[in-house]
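Colleague: The structure is given below, and queries will be raised subsequently.
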Amino acid sequence: MDYNLYYYDSILDAVVMKDKEDNELVIECDKANAQVVFDEPEDEGYLVRLARKEPASYVSYALKPDGLQGYVDAMNVFN
């Protein structure tokens with residue numbers, strides 16, 4: 001499937017992807033984020049910001065093994 005619309009749904013706390021036929025794939029952020037080990041509790045803010053401002057990037061990381069963990073680790077190095 002070729003998804004062409006990505007957006008964050010604040011009610012579901014999920015990133016939703018839609019294709020041309022209006023089929024949806026939903027990634028629940030709380031479940032995806034639960035797989036990440038945070039050095040500091042506020043580090044989860046990196047993923048919240050990513051999901052809200054760049055939902056396509058969030059999906060890209062979430063679908064890779066250790067993708068979200070790698071993103072958080074990289075943000076900790078840069079900050």
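Chain identifiers are assigned as A, B, and so on, following the order in which chains appear in the structure tokens; residues are numbered from 1 within each chain, and ligands are numbered from 1 in order of appearance.
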Which of chain A end up as helix (DSSP H, G or I) when DSSP is run on this backbone - answer as JSON, numbers by chain?

Modeller: {"A": [29, 30, 31, 32, 33, 41, 42, 43, 44, 45, 46, 47, 48, 49, 50, 51, 52, 53, 55, 56, 57, 58, 59, 60, 61, 62, 67, 68, 69, 70, 71, 72, 73, 74, 75, 76, 77, 78]}

Colleague: So which residues touch range 37-42 of chain A within 10 Å, counting only C-alpha atoms, skipping near sequence neighbours fewer than 6 positions away, as a tab-separated table (two decimals) with N, CA and C atoms, in the first residue's frame?

Modeller:
chain	number	residue	atom	x	y	z
A	68	LEU	N	12.62	3.79	17.34
A	68	LEU	CA	12.28	4.86	18.28
A	68	LEU	C	13.34	4.98	19.37
A	69	GLN	N	13.88	3.85	19.81
A	69	GLN	CA	14.94	3.88	20.81
A	69	GLN	C	16.17	4.61	20.25
A	72	VAL	N	15.53	8.40	20.22
A	72	VAL	CA	15.64	9.01	21.55
A	72	VAL	C	17.12	9.07	21.98
A	73	ASP	N	17.86	8.01	21.74
A	73	ASP	CA	19.28	8.00	22.09
A	73	ASP	C	20.04	9.08	21.34
A	76	ASN	N	19.30	12.50	22.78
A	76	ASN	CA	20.04	12.71	24.02
A	76	ASN	C	21.48	13.11	23.76

Colleague: Tell me, in Å to one decimal, how far CA of Asp30 in chain A is from CA of Gly70 in chain A.

Modeller: 17.0 Å

Colleague: From a DSSP calculation on the backbone, collect every residue of chain A in strand (DSSP E or B) and output the set as a list in words.

Modeller: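 Selection result, strand (DSSP E or B) within chain A: Tyr3, Asn4, Leu5, Tyr6, Tyr7, Tyr8, Asp9, Ala14, Val15, Val16, Met17, Lys18, Asp19, Glu24, Leu25, Val26, Ile27 and Glu28 of chain A.
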
Colleague: For range 49-60 of chain A, please output as an MDAnalysis selection string all residues within 10 Å (counting only C-alpha atoms; exclusion window: fewer than 2 positions along the same chain).

Modeller: chainID A and resid 3:10 13:17 26:27 29 32 44:47 62:64 67:68 71
